[in-house]
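Raw data-v9.csv, CSV, C-alpha atoms and all ligand atoms:
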chain,number,residue,atom,x,y,z
A,1287,MET,CA,-18.2,4.5,20.1
A,1288,THR,CA,-20.8,2.2,18.6
A,1289,LYS,CA,-19.7,1.3,15.2
A,1290,GLN,CA,-21.9,0.4,12.3
A,1291,GLN,CA,-20.9,-2.5,10.1
A,1292,VAL,CA,-21.4,-1.8,6.4
A,1293,ARG,CA,-21.2,-4.8,4.1
A,1294,ASP,CA,-20.7,-4.9,0.3
A,1295,GLN,CA,-22.5,-7.1,-2.3
A,1296,LEU,CA,-20.2,-10.0,-1.4
A,1297,ASN,CA,-20.8,-9.6,2.3
A,1298,ARG,CA,-17.3,-8.1,3.0
A,1299,PRO,CA,-17.1,-5.6,5.8
A,1300,LEU,CA,-15.3,-2.3,5.5
A,1301,ARG,CA,-12.4,-2.5,7.9
A,1302,ASP,CA,-9.4,-0.6,6.5
A,1303,ILE,CA,-8.7,2.4,4.5
A,1304,ARG,CA,-5.6,3.5,2.6
A,1305,ILE,CA,-5.2,7.2,2.2
A,1306,SER,CA,-2.9,8.6,-0.4
A,1307,VAL,CA,-1.8,12.0,0.9
A,1308,ILE,CA,0.1,13.2,-2.2
A,1309,ASP,CA,0.7,12.1,-5.8
A,1310,ARG,CA,4.3,13.4,-6.0
A,1311,CYS,CA,7.3,11.3,-5.3
A,1312,ASN,CA,11.1,11.7,-5.1
A,1313,PHE,CA,11.6,8.4,-6.9
A,1314,ARG,CA,10.6,7.2,-10.4
A,1315,CYS,CA,10.3,3.4,-9.8
A,1316,GLN,CA,10.0,1.7,-13.1
A,1317,TYR,CA,7.0,-0.3,-12.1
A,1318,CYS,CA,5.1,2.6,-10.6
A,1319,MET,CA,6.0,6.0,-12.0
A,1320,PRO,CA,8.3,5.4,-15.0
A,1321,ALA,CA,10.6,8.4,-15.6
A,1322,GLU,CA,9.8,8.5,-19.3
A,1323,LEU,CA,6.1,9.2,-18.4
A,1324,PHE,CA,6.5,11.1,-15.2
A,1325,GLY,CA,9.1,13.5,-16.5
A,1326,PRO,CA,9.8,17.2,-15.7
A,1327,ASP,CA,6.7,18.3,-17.7
A,1328,PHE,CA,4.3,16.0,-15.9
A,1329,THR,CA,1.5,17.9,-14.2
A,1330,PHE,CA,0.9,16.8,-10.6
A,1331,LEU,CA,-2.2,17.8,-8.7
A,1332,PRO,CA,-2.3,21.4,-7.5
A,1333,ARG,CA,-2.5,21.9,-3.8
A,1334,SER,CA,-6.1,22.9,-3.9
A,1335,GLU,CA,-7.0,19.5,-5.4
A,1336,LEU,CA,-5.4,17.6,-2.5
A,1337,LEU,CA,-7.6,16.9,0.5
A,1338,SER,CA,-6.6,19.1,3.4
A,1339,TYR,CA,-5.7,17.5,6.7
A,1340,GLU,CA,-9.0,18.7,8.2
A,1341,GLU,CA,-10.8,17.1,5.3
A,1342,ILE,CA,-8.9,13.8,5.7
A,1343,HIS,CA,-9.6,13.8,9.4
A,1344,ARG,CA,-13.3,14.4,8.8
A,1345,LEU,CA,-13.6,11.6,6.3
A,1346,ALA,CA,-11.5,9.2,8.4
A,1347,SER,CA,-13.8,9.8,11.4
A,1348,ILE,CA,-16.8,8.9,9.3
A,1349,PHE,CA,-15.0,5.8,7.9
A,1350,ILE,CA,-14.2,4.7,11.4
A,1351,SER,CA,-17.8,5.1,12.5
A,1352,LEU,CA,-18.7,2.7,9.6
A,1353,GLY,CA,-16.3,-0.1,10.8
A,1354,VAL,CA,-12.8,1.0,9.8
A,1355,GLU,CA,-10.2,0.0,12.3
A,1356,LYS,CA,-6.9,0.6,10.4
A,1357,ILE,CA,-5.6,3.4,8.4
A,1358,ARG,CA,-2.5,3.3,6.2
A,1359,LEU,CA,-1.1,6.5,4.8
A,1360,THR,CA,0.6,6.3,1.4
A,1361,GLY,CA,1.3,8.2,-1.8
A,1362,GLY,CA,3.2,9.0,-4.0
A,1363,GLU,CA,5.7,9.5,-1.3
A,1364,PRO,CA,3.7,10.4,1.8
A,1365,LEU,CA,6.7,12.0,3.6
A,1366,MET,CA,6.8,14.6,0.8
A,1367,ARG,CA,3.5,16.0,2.2
A,1368,LYS,CA,4.5,18.8,4.6
A,1369,ASP,CA,4.0,18.2,8.3
A,1370,LEU,CA,2.6,14.7,8.0
A,1371,HIS,CA,3.0,14.3,11.7
A,1372,ILE,CA,0.2,16.8,12.2
A,1373,LEU,CA,-2.2,14.6,10.3
A,1374,ILE,CA,-1.0,11.5,12.2
A,1375,ASN,CA,-1.6,13.2,15.4
A,1376,MET,CA,-5.1,14.3,14.4
A,1377,LEU,CA,-6.0,10.8,13.2
A,1378,SER,CA,-4.5,9.0,16.2
A,1379,LYS,CA,-7.0,10.7,18.5
A,1380,ILE,CA,-10.1,9.4,16.7
A,1381,GLU,CA,-11.9,7.0,19.0
A,1382,GLY,CA,-12.2,3.5,17.5
A,1383,LEU,CA,-9.1,3.6,15.4
A,1384,LYS,CA,-6.8,0.6,16.3
A,1385,ASP,CA,-3.9,1.0,14.0
A,1386,ILE,CA,-2.2,3.6,11.9
A,1387,ALA,CA,0.6,2.8,9.5
A,1388,LEU,CA,2.6,4.4,6.7
A,1389,THR,CA,4.1,3.1,3.5
A,1390,THR,CA,7.3,5.0,2.4
A,1391,ASN,CA,10.4,4.6,0.4
A,1392,GLY,CA,12.2,5.4,3.6
A,1393,VAL,CA,14.6,8.1,2.3
A,1394,MET,CA,13.1,10.9,4.5
A,1395,LEU,CA,12.7,8.8,7.6
A,1396,PRO,CA,15.9,9.9,9.3
A,1397,LYS,CA,14.4,13.4,9.4
A,1398,HIS,CA,10.9,12.4,10.4
A,1399,ALA,CA,10.8,9.1,12.3
A,1400,GLU,CA,10.9,10.4,15.8
A,1401,GLN,CA,8.3,13.0,15.2
A,1402,LEU,CA,6.0,10.5,13.4
A,1403,LYS,CA,6.3,8.1,16.3
A,1404,ALA,CA,5.6,10.8,18.8
A,1405,ALA,CA,2.5,11.8,16.8
A,1406,GLY,CA,1.0,8.3,17.2
A,1407,LEU,CA,2.4,6.4,14.2
A,1408,LYS,CA,2.7,2.7,15.0
A,1409,ARG,CA,4.3,1.0,12.0
A,1410,VAL,CA,6.1,1.7,8.7
A,1411,ASN,CA,6.4,-0.4,5.6
A,1412,ILE,CA,9.6,0.6,3.9
A,1413,SER,CA,10.0,-0.3,0.2
A,1414,LEU,CA,13.4,-1.7,-0.8
A,1415,ASP,CA,13.7,-3.8,-4.0
A,1416,SER,CA,17.5,-4.6,-4.0
A,1417,LEU,CA,20.6,-4.3,-1.9
A,1418,ASN,CA,22.7,-3.6,-5.0
A,1419,ASP,CA,23.3,0.1,-5.3
A,1420,GLU,CA,23.5,0.1,-9.1
A,1421,LEU,CA,20.4,-2.0,-9.6
A,1422,PHE,CA,18.4,-0.1,-6.9
A,1423,GLY,CA,19.4,3.2,-8.6
A,1424,GLU,CA,18.2,1.8,-11.9
A,1425,ILE,CA,14.9,0.6,-10.4
A,1426,ASN,CA,14.1,3.8,-8.5
A,1427,GLY,CA,14.9,5.8,-11.7
A,1428,ARG,CA,16.8,8.4,-9.7
A,1429,ASN,CA,20.1,6.7,-9.1
A,1430,VAL,CA,19.6,6.7,-5.4
A,1431,GLY,CA,21.7,4.0,-3.8
A,1432,VAL,CA,20.6,1.7,-1.0
A,1433,GLY,CA,22.4,3.7,1.8
A,1434,PRO,CA,19.6,6.3,2.3
A,1435,VAL,CA,17.0,3.6,2.6
A,1436,LEU,CA,19.1,1.7,5.1
A,1437,LYS,CA,19.5,4.9,7.1
A,1438,GLY,CA,15.7,5.2,7.0
A,1439,ILE,CA,15.3,1.7,8.4
A,1440,GLU,CA,17.8,2.5,11.2
A,1441,ALA,CA,15.9,5.7,12.1
A,1442,ALA,CA,12.6,3.8,12.2
A,1443,LYS,CA,14.1,1.2,14.5
A,1444,LYS,CA,15.6,3.8,16.7
A,1445,ALA,CA,12.3,5.6,17.0
A,1446,GLY,CA,10.6,2.4,18.1
A,1447,LEU,CA,8.3,2.0,15.0
A,1448,GLY,CA,7.3,-1.5,13.8
A,1449,ILE,CA,8.9,-2.2,10.5
A,1450,LYS,CA,8.1,-4.3,7.4
A,1451,ILE,CA,10.1,-4.3,4.2
A,1452,ASN,CA,8.3,-4.3,0.9
A,1453,MET,CA,10.1,-5.8,-2.1
A,1454,VAL,CA,8.4,-5.9,-5.5
A,1455,VAL,CA,9.9,-8.7,-7.5
A,1456,LYS,CA,10.0,-8.4,-11.3
A,1457,LYS,CA,11.4,-11.2,-13.5
A,1458,GLY,CA,14.7,-10.4,-15.1
A,1459,LEU,CA,15.0,-7.2,-13.1
A,1460,ASN,CA,15.6,-8.0,-9.4
A,1461,ASP,CA,14.8,-11.7,-9.0
A,1462,THR,CA,18.5,-12.2,-8.3
A,1463,GLU,CA,17.9,-10.1,-5.1
A,1464,VAL,CA,15.4,-12.5,-3.6
A,1465,ILE,CA,18.0,-14.4,-1.5
A,1466,PRO,CA,20.3,-11.5,-0.6
A,1467,MET,CA,17.2,-9.6,0.6
A,1468,ALA,CA,16.0,-12.6,2.7
A,1469,LYS,CA,19.4,-13.0,4.3
A,1470,PHE,CA,19.6,-9.3,5.1
A,1471,CYS,CA,16.1,-9.1,6.6
A,1472,LYS,CA,16.6,-12.4,8.6
A,1473,GLU,CA,19.9,-11.2,10.0
A,1474,ASN,CA,18.3,-7.9,11.0
A,1475,ASP,CA,15.1,-9.4,12.3
A,1476,LEU,CA,13.0,-7.5,9.7
A,1477,GLU,CA,9.8,-9.0,8.2
A,1478,LEU,CA,10.2,-9.0,4.5
A,1479,ARG,CA,7.2,-9.0,2.2
A,1480,TYR,CA,7.7,-10.1,-1.3
A,1481,ILE,CA,5.1,-8.4,-3.6
A,1482,GLU,CA,4.1,-9.9,-6.9
A,1483,PHE,CA,4.5,-7.3,-9.7
A,1484,MET,CA,1.0,-6.1,-10.4
A,1485,ASP,CA,-0.9,-4.7,-13.4
A,1486,VAL,CA,-1.9,-1.5,-11.6
A,1487,GLY,CA,-2.5,1.5,-13.9
A,1488,SER,CA,-1.6,1.5,-17.5
A,1489,THR,CA,1.9,3.0,-17.6
A,1490,ASN,CA,4.2,0.2,-16.2
A,1491,GLY,CA,4.1,-2.1,-19.2
A,1492,TRP,CA,3.0,-5.1,-17.1
A,1493,LYS,CA,3.1,-8.6,-18.7
A,1494,MET,CA,2.3,-11.8,-17.0
A,1495,ASP,CA,5.7,-13.1,-18.0
A,1496,ASP,CA,7.3,-10.5,-15.8
A,1497,VAL,CA,5.6,-11.8,-12.6
A,1498,VAL,CA,7.6,-13.9,-10.2
A,1499,THR,CA,5.0,-15.8,-8.3
A,1500,LYS,CA,4.9,-16.6,-4.6
A,1501,LYS,CA,5.5,-20.3,-5.5
A,1502,GLN,CA,8.6,-19.5,-7.5
A,1503,ILE,CA,10.0,-17.2,-4.8
A,1504,TYR,CA,9.2,-19.8,-2.1
A,1505,GLU,CA,11.0,-22.5,-4.1
A,1506,MET,CA,14.1,-20.2,-4.3
A,1507,LEU,CA,14.0,-19.5,-0.6
A,1508,LYS,CA,13.6,-23.2,0.4
A,1509,GLU,CA,17.0,-23.9,-1.1
A,1510,HIS,CA,18.5,-21.7,1.6
A,1511,PHE,CA,16.1,-21.6,4.6
A,1512,GLU,CA,13.8,-23.8,6.6
A,1513,PHE,CA,10.3,-22.4,7.3
A,1514,GLU,CA,7.2,-23.1,9.3
A,1515,PRO,CA,3.8,-21.6,8.2
A,1516,VAL,CA,2.1,-18.9,10.4
A,1517,GLU,CA,-1.6,-18.7,10.9
A,1518,ALA,CA,-3.3,-15.6,9.6
A,1519,ALA,CA,-3.5,-13.1,12.4
A,1520,TYR,CA,-6.9,-11.7,11.5
A,1521,TYR,CA,-9.7,-11.9,9.0
A,1522,GLY,CA,-8.6,-10.4,5.7
A,1523,GLU,CA,-4.9,-10.5,6.4
A,1524,VAL,CA,-3.4,-10.0,3.0
A,1525,ALA,CA,0.1,-11.5,3.4
A,1526,LYS,CA,0.7,-15.2,3.5
A,1527,ARG,CA,3.3,-15.6,6.2
A,1528,TYR,CA,6.0,-18.1,7.1
A,1529,ARG,CA,8.5,-18.1,9.9
A,1530,TYR,CA,12.2,-18.9,9.7
A,1531,LYS,CA,12.5,-22.1,11.8
A,1532,GLY,CA,13.8,-21.4,15.2
A,1533,THR,CA,13.4,-17.7,15.0
A,1534,ASN,CA,10.7,-15.1,15.6
A,1535,THR,CA,11.2,-13.5,12.2
A,1536,ASP,CA,8.5,-13.8,9.5
A,1537,VAL,CA,8.5,-13.5,5.8
A,1538,GLY,CA,5.4,-12.8,3.8
A,1539,PHE,CA,4.0,-12.8,0.3
A,1540,ILE,CA,1.5,-10.5,-1.3
A,1541,THR,CA,0.1,-12.8,-4.0
A,1542,SER,CA,-2.3,-10.5,-5.8
A,1543,VAL,CA,-1.6,-12.1,-9.1
A,1544,SER,CA,-1.1,-15.9,-8.4
A,1545,GLU,CA,-3.4,-16.4,-5.4
A,1546,SER,CA,-6.1,-13.7,-5.2
A,1547,PHE,CA,-7.6,-12.7,-1.9
A,1548,CYS,CA,-10.6,-10.7,-3.1
A,1549,SER,CA,-13.1,-12.8,-1.0
A,1550,THR,CA,-11.8,-11.2,2.2
A,1551,CYS,CA,-10.8,-7.8,0.8
A,1552,THR,CA,-12.1,-5.3,3.4
A,1553,ARG,CA,-10.2,-2.3,2.1
A,1554,ALA,CA,-11.3,1.1,0.6
A,1555,ARG,CA,-8.9,3.6,-0.9
A,1556,LEU,CA,-9.0,7.4,-0.8
A,1557,SER,CA,-6.9,9.0,-3.5
A,1558,ALA,CA,-4.9,12.1,-3.2
A,1559,ASN,CA,-7.6,14.1,-5.0
A,1560,GLY,CA,-10.4,12.9,-2.9
A,1561,GLN,CA,-12.0,10.0,-4.7
A,1562,ILE,CA,-13.0,6.8,-3.1
A,1563,PHE,CA,-11.9,3.6,-4.9
A,1564,THR,CA,-13.3,0.3,-3.9
A,1565,CYS,CA,-10.6,-1.8,-5.6
A,1566,LEU,CA,-6.9,-1.2,-6.6
A,1567,PHE,CA,-7.9,-2.1,-10.1
A,1568,ASN,CA,-11.1,-0.2,-10.5
A,1569,GLY,CA,-10.5,3.1,-12.3
A,1570,ASN,CA,-13.9,4.5,-11.5
A,1571,GLY,CA,-13.5,6.6,-8.4
A,1572,HIS,CA,-16.4,8.1,-6.5
A,1573,ASP,CA,-15.9,11.8,-5.8
A,1574,ILE,CA,-16.1,12.7,-2.1
A,1575,LYS,CA,-14.0,15.9,-2.1
A,1576,GLU,CA,-16.4,18.1,-4.1
A,1577,PHE,CA,-19.4,16.6,-2.4
A,1578,MET,CA,-17.8,17.4,1.0
A,1579,ARG,CA,-16.8,20.9,-0.2
A,1580,SER,CA,-20.4,21.6,-1.2
A,1581,GLY,CA,-21.3,22.0,2.4
A,1582,VAL,CA,-23.0,18.7,3.2
A,1583,SER,CA,-23.4,17.3,6.7
A,1584,ASP,CA,-21.4,14.4,8.2
A,1585,LYS,CA,-24.6,12.3,8.0
A,1586,GLU,CA,-24.9,13.0,4.2
A,1587,ILE,CA,-21.2,12.0,3.7
A,1588,GLU,CA,-21.8,8.9,5.8
A,1589,GLN,CA,-24.8,7.9,3.6
A,1590,ARG,CA,-22.7,8.5,0.4
A,1591,ILE,CA,-19.9,6.2,1.7
A,1592,LYS,CA,-22.4,3.5,2.9
A,1593,ASP,CA,-24.0,3.5,-0.6
A,1594,ILE,CA,-20.6,3.2,-2.3
A,1595,TRP,CA,-19.6,0.3,-0.1
A,1596,ASN,CA,-23.0,-1.4,-0.3
A,1597,HIS,CA,-22.8,-1.4,-4.1
A,1598,ARG,CA,-19.3,-2.8,-4.2
A,1599,GLN,CA,-18.8,-6.0,-6.2
A,1600,ASP,CA,-15.1,-5.8,-7.1
A,1601,ARG,CA,-13.1,-8.9,-7.3
A,1602,TYR,CA,-10.6,-8.0,-10.1
A,1603,SER,CA,-7.8,-10.4,-9.1
A,1604,ASP,CA,-10.2,-13.3,-8.9
A,1605,GLU,CA,-11.3,-12.6,-12.5
A,1606,ARG,CA,-8.1,-11.4,-14.1
A,1607,THR,CA,-7.7,-12.6,-17.7
A,1608,GLU,CA,-6.0,-11.0,-20.7
A,1609,GLU,CA,-9.4,-9.7,-21.7
A,1610,THR,CA,-10.5,-8.3,-18.4
A,1611,ARG,CA,-7.1,-6.7,-18.1
A,1612,LYS,CA,-7.3,-4.9,-21.4
A,1613,ALA,CA,-10.9,-3.9,-21.0
A,1614,ARG,CA,-10.4,-2.3,-17.6
A,1615,LYS,CA,-9.6,1.4,-17.1
A,1616,LYS,CA,-7.3,1.5,-14.1
A,1617,ILE,CA,-6.0,4.2,-11.7
A,1618,GLU,CA,-2.3,4.8,-11.5
A,1619,MET,CA,-0.5,3.5,-8.3
A,1620,SER,CA,0.9,6.9,-7.5
A,1621,TYR,CA,-2.7,8.3,-7.1
A,1622,ILE,CA,-4.0,5.5,-5.0
A,1623,GLY,CA,-0.9,4.3,-3.2
A,1624,GLY,CA,-1.0,0.5,-3.3
B,1,LIG,N1,6.2,5.7,-2.1
B,1,LIG,C1,5.9,4.8,-1.1
B,1,LIG,C2,6.6,3.5,-1.3
B,1,LIG,O1,7.2,3.3,-2.3
B,1,LIG,O2,6.6,2.7,-0.3
B,1,LIG,C3,4.4,4.5,-1.0
B,1,LIG,C4,3.6,4.4,-2.2
B,1,LIG,S1,3.9,3.0,-3.2
B,1,LIG,C5,2.8,3.2,-4.5
B,1,LIG,C6,3.3,1.7,-2.2
B,1,LIG,C7,3.8,0.3,-2.5
B,1,LIG,O3,3.3,-0.1,-3.8
B,1,LIG,C8,5.3,0.2,-2.5
B,1,LIG,O4,5.7,-0.8,-1.7
B,1,LIG,C9,5.6,-0.2,-4.0
B,1,LIG,O5,6.7,-1.0,-4.1
B,1,LIG,C10,4.3,-0.9,-4.4
B,1,LIG,N2,4.1,-0.9,-5.8
B,1,LIG,C11,4.1,0.1,-6.7
B,1,LIG,N3,3.9,-0.3,-7.9
B,1,LIG,C12,3.7,-1.6,-7.9
B,1,LIG,C13,3.3,-2.6,-8.8
B,1,LIG,N4,3.2,-2.4,-10.1
B,1,LIG,N5,3.2,-3.9,-8.4
B,1,LIG,C14,3.4,-4.2,-7.1
B,1,LIG,N6,3.7,-3.3,-6.2
B,1,LIG,C15,3.8,-2.0,-6.5
B,2,LIG,FE1,7.4,6.6,-5.6
B,2,LIG,FE2,6.7,4.5,-4.1
B,2,LIG,FE3,5.9,4.7,-6.6
B,2,LIG,FE4,8.5,4.2,-6.1
B,2,LIG,S1,6.7,2.9,-5.6
B,2,LIG,S2,7.7,5.7,-7.6
B,2,LIG,S3,8.8,5.3,-4.2
B,2,LIG,S4,5.3,6.1,-5.1
B,3,LIG,FE1,-9.4,-6.1,-3.2
B,3,LIG,FE2,-9.6,-5.5,-5.8
B,3,LIG,FE3,-7.3,-6.5,-4.8
B,3,LIG,FE4,-9.5,-8.0,-5.1
B,3,LIG,S1,-8.4,-7.1,-6.7
B,3,LIG,S2,-8.1,-8.0,-3.3
B,3,LIG,S3,-11.1,-6.6,-4.6
B,3,LIG,S4,-8.2,-4.5,-4.2
Please render this file's structure as structure tokens.
Amino acid sequence: MTKQQVRDQLNRPLRDIRISVIDRCNFRCQYCMPAELFGPDFTFLPRSELLSYEEIHRLASIFISLGVEKIRLTGGEPLMRKDLHILINMLSKIEGLKDIALTTNGVMLPKHAEQLKAAGLKRVNISLDSLNDELFGEINGRNVGVGPVLKGIEAAKKAGLGIKINMVVKKGLNDTEVIPMAKFCKENDLELRYIEFMDVGSTNGWKMDDVVTKKQIYEMLKEHFEFEPVEAAYYGEVAKRYRYKGTNTDVGFITSVSESFCSTCTRARLSANGQIFTCLFNGNGHDIKEFMRSGVSDKEIEQRIKDIWNHRQDRYSDERTEETRKARKKIEMSYIGG
């Protein structure tokens, strides 16, 4: 397949897409879908508003023809979408796609890991913010202990999926877990990625004071471990990685707040209700679902996506100040999936 290479206003190519397949979740993480706001009366998207698997496949094929090489499925909790393996199977057959990954809280992996792998899934990022049952239950807002996530990690390992662990670090909440999580992941040869708490959406009460920066986490780790830096594996790699000396195990940092990486951001996002977002912090989505449902051709959809990417100027993290933060209308994480 000959691919086109679309570029945005800052000359960034379109290389990856994150697709949120559902806005629902079985957790209520404080920093993402706080239980007080996402309560029993909260209205989630009706099924008809979600993109169907056929629609996702159609859009993904067009994105791939425009230069996308990697797809990540996310949510809400993507494994709450029925028969996700069917979508993965459909996507994995598209020519030109190099990688397909999933971000999940892991709880449903024991049931699905084998099937997902057989369908063509290569890698999972499993979110785990603490190894302490009580604290983890408090963070996930559903009193779920660590056990079900550990079982999910085991199941992913057994199925032969590549695994990374995502840990969001929030000051005063789980910074005490930085070292226990590092020890656990090192012992189990799991790549841990510390994620700086981000000001996504407008419901998580974000304050700069709550962010534990990469530098601060690295200082904590250096008291216990020796590291060597690892070269970026490809253009636009988001994580800054280090390796525990004398091992093959890496640890990474997602430094969206303290060291922005907008200049190499090659990522588009497709929300559960079929809008394209060109930045995690840009609340103005571009409808693609209704456009597609109006009966347009693939060529017309392709042109619409090209136009959206060509006009892109986003570099929110580069420009983040108290003023830009307050002025910006932002999309919730559960719609767009991180
Ligand atoms: N439910 C799945 C999960 O938790 O892995 C996938 C969706 S979740 C929105 C994707 C990732 O975003 C998770 O690793 C989660 O920890 C992270 N995340 C959510 N809210 C965040 C925030 N405010 N700052 C940083 N990361 C956040
Ligand atoms: Fe759900 Fe993931 Fe958000 Fe937690 S971070 S509430 S598991 S979508
Ligand atoms: Fe990309 Fe927006 Fe994040 Fe910058 S702030 S790295 S443009 S998603």
task: Mind checking which residues fall within 10 Å of A:Gly1382, counting all atoms listed in the file, ignoring those fewer than 6 positions away in the same chain, and posting them as an MDAnalysis selection string?
output: chainID A and resid 1287:1289 1347 1350:1351 1353:1356
field: Test item: residues at most 10 Å from A:Ile1357, only C-alpha atoms, excluding those fewer than 6 positions along its chain, as a ChimeraX atom specification
entry: /A:1301-1305,1346,1349-1350,1377-1378,1383-1388,1553-1555
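The protein and nucleic acid residues lying at most 10 Å from stretch 1508-1511 of chain A are Ile1465, Ala1468, Lys1469, Ile1503, Arg1529, Tyr1530 and Lys1531 of chain A, with all atoms listed in the file considered and sequence neighbours fewer than 5 positions away removed.
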task: Name the residues in contact with A:Ile1587 at a cut-off of 9 Å, using only C-alpha atoms, excluding same-chain residues fewer than 3 positions from it; report them as a PyMOL selection string.
output: chain A and resi 1345+1348+1574+1577-1578+1582-1584+1590-1592
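Considering only C-alpha atoms and all ligand atoms, the residue among A:Ser1580, A:Ser1338, A:Gln1291, A:Thr1499 positioned nearest to ligand LIG 1 (chain B) is A:Thr1499.
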Using only C-alpha atoms and all ligand atoms, I'd like a table of the residues in chain A that come within 6 Å of ligand LIG 3 (chain B); for each, show the closest atom pair and its distance in Å rounded to one decimal, ordered by chain and ascending number, as JSON lines.
{"residue": "A:Phe1547", "atom": "CA", "partner": "B:LIG3", "partner_atom": "S2", "distance": 4.9}
{"residue": "A:Cys1548", "atom": "CA", "partner": "B:LIG3", "partner_atom": "FE4", "distance": 3.5}
{"residue": "A:Cys1551", "atom": "CA", "partner": "B:LIG3", "partner_atom": "FE1", "distance": 4.6}
{"residue": "A:Cys1565", "atom": "CA", "partner": "B:LIG3", "partner_atom": "FE2", "distance": 3.8}
{"residue": "A:Leu1566", "atom": "CA", "partner": "B:LIG3", "partner_atom": "S4", "distance": 4.3}
{"residue": "A:Phe1567", "atom": "CA", "partner": "B:LIG3", "partner_atom": "FE2", "distance": 5.7}
{"residue": "A:Asp1600", "atom": "CA", "partner": "B:LIG3", "partner_atom": "S3", "distance": 4.8}
{"residue": "A:Arg1601", "atom": "CA", "partner": "B:LIG3", "partner_atom": "S3", "distance": 4.1}
{"residue": "A:Tyr1602", "atom": "CA", "partner": "B:LIG3", "partner_atom": "S1", "distance": 4.1}
{"residue": "A:Ser1603", "atom": "CA", "partner": "B:LIG3", "partner_atom": "S1", "distance": 4.1}
- prompt: Can you tell me which residues sit at most 8 Å away from ligand LIG 2 (chain B), counting only C-alpha atoms and all ligand atoms, written as an MDAnalysis selection string?
  reply: chainID A and resid 1309:1320 1361:1363 1390:1391 1413 1426 1619:1620 1623
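Using all atoms listed in the file for every distance, the candidate list A:Glu1482, A:Lys1456, A:Leu1365, A:Leu1337 yields A:Glu1482 as the residue closest to A:Ser1542.
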Coordinates-based distance that separates atom CA of A:Lys1443 from atom CA of A:Pro1364 (Å, one decimal): 18.8 Å
query: Nearest to A:Asn1570 among A:Lys1457, A:Glu1608, A:Val1464, A:Ile1617, with distances taken over all atoms listed in the file: which residue is it?
result: A:Ile1617
statement: Between A:Asn1490, A:Ser1544, A:Asn1534, A:Ser1334, smallest distance to ligand LIG 1 (chain B) by all atoms listed in the file belongs to A:Asn1490
Å distance separating atom CA of A:Lys1472 from atom CA of A:Asp1495, one decimal place: 28.8 Å
- prompt: To one decimal place, how far is atom CA of A:Gly1491 from atom CA of A:Ile1425 in Å?
  reply: 14.2 Å
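Closest approach to ligand LIG 1 (chain B) among A:Phe1513, A:Tyr1480, A:Tyr1504, A:Tyr1520: A:Tyr1480, based on only C-alpha atoms and all ligand atoms.
Distance check against ligand LIG 1 (chain B) using all atoms listed in the file: of A:Gly1458, A:Gly1560, A:Gly1487, A:Gly1532, the minimum falls on A:Gly1487.
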query: Got a sec to check which residues sit within 7 Å of (14.4, -12.9, 10.8), counting all atoms listed in the file, and write them as a PyMOL selection string?
result: chain A and resi 1471-1477+1530+1533-1536
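Omitting A:Asn1418 and its sequence neighbours fewer than 3 positions away, and counting only C-alpha atoms, the residues within 8 Å are Leu1421, Phe1422, Gly1431 and Val1432 of chain A.
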From the block you just saw, export stretch 1423-1430 of chain A: N, CA, C and O atoms, as a PDB file, in the first residue's frame.
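What ended up in part-v2.pdb:
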ATOM      1  N   GLY A1423      -8.107   0.738  46.297  1.00  0.00           N
ATOM      2  CA  GLY A1423      -9.573   0.760  46.312  1.00  0.00           C
ATOM      3  C   GLY A1423     -10.117   2.181  46.401  1.00  0.00           C
ATOM      4  O   GLY A1423     -11.128   2.527  45.785  1.00  0.00           O
ATOM      5  N   GLU A1424      -9.384   2.996  47.177  1.00  0.00           N
ATOM      6  CA  GLU A1424      -9.776   4.403  47.324  1.00  0.00           C
ATOM      7  C   GLU A1424      -9.568   5.155  46.000  1.00  0.00           C
ATOM      8  O   GLU A1424     -10.419   5.921  45.558  1.00  0.00           O
ATOM      9  N   ILE A1425      -8.442   4.881  45.347  1.00  0.00           N
ATOM     10  CA  ILE A1425      -8.150   5.573  44.082  1.00  0.00           C
ATOM     11  C   ILE A1425      -9.145   5.170  43.001  1.00  0.00           C
ATOM     12  O   ILE A1425      -9.678   6.019  42.284  1.00  0.00           O
ATOM     13  N   ASN A1426      -9.423   3.850  42.901  1.00  0.00           N
ATOM     14  CA  ASN A1426     -10.309   3.436  41.794  1.00  0.00           C
ATOM     15  C   ASN A1426     -11.777   3.690  42.100  1.00  0.00           C
ATOM     16  O   ASN A1426     -12.643   3.469  41.241  1.00  0.00           O
ATOM     17  N   GLY A1427     -12.066   4.153  43.323  1.00  0.00           N
ATOM     18  CA  GLY A1427     -13.423   4.591  43.661  1.00  0.00           C
ATOM     19  C   GLY A1427     -14.440   3.458  43.738  1.00  0.00           C
ATOM     20  O   GLY A1427     -15.629   3.704  43.899  1.00  0.00           O
ATOM     21  N   ARG A1428     -13.979   2.225  43.634  1.00  0.00           N
ATOM     22  CA  ARG A1428     -14.893   1.087  43.645  1.00  0.00           C
ATOM     23  C   ARG A1428     -14.457   0.015  44.640  1.00  0.00           C
ATOM     24  O   ARG A1428     -14.957  -1.119  44.600  1.00  0.00           O
ATOM     25  N   ASN A1429     -13.485   0.399  45.500  1.00  0.00           N
ATOM     26  CA  ASN A1429     -12.957  -0.533  46.494  1.00  0.00           C
ATOM     27  C   ASN A1429     -12.480  -1.857  45.920  1.00  0.00           C
ATOM     28  O   ASN A1429     -12.568  -2.889  46.575  1.00  0.00           O
ATOM     29  N   VAL A1430     -12.003  -1.815  44.702  1.00  0.00           N
ATOM     30  CA  VAL A1430     -11.439  -3.044  44.116  1.00  0.00           C
ATOM     31  C   VAL A1430      -9.978  -3.127  44.576  1.00  0.00           C
ATOM     32  O   VAL A1430      -9.228  -2.157  44.461  1.00  0.00           O
TER      33      VAL A1430
END
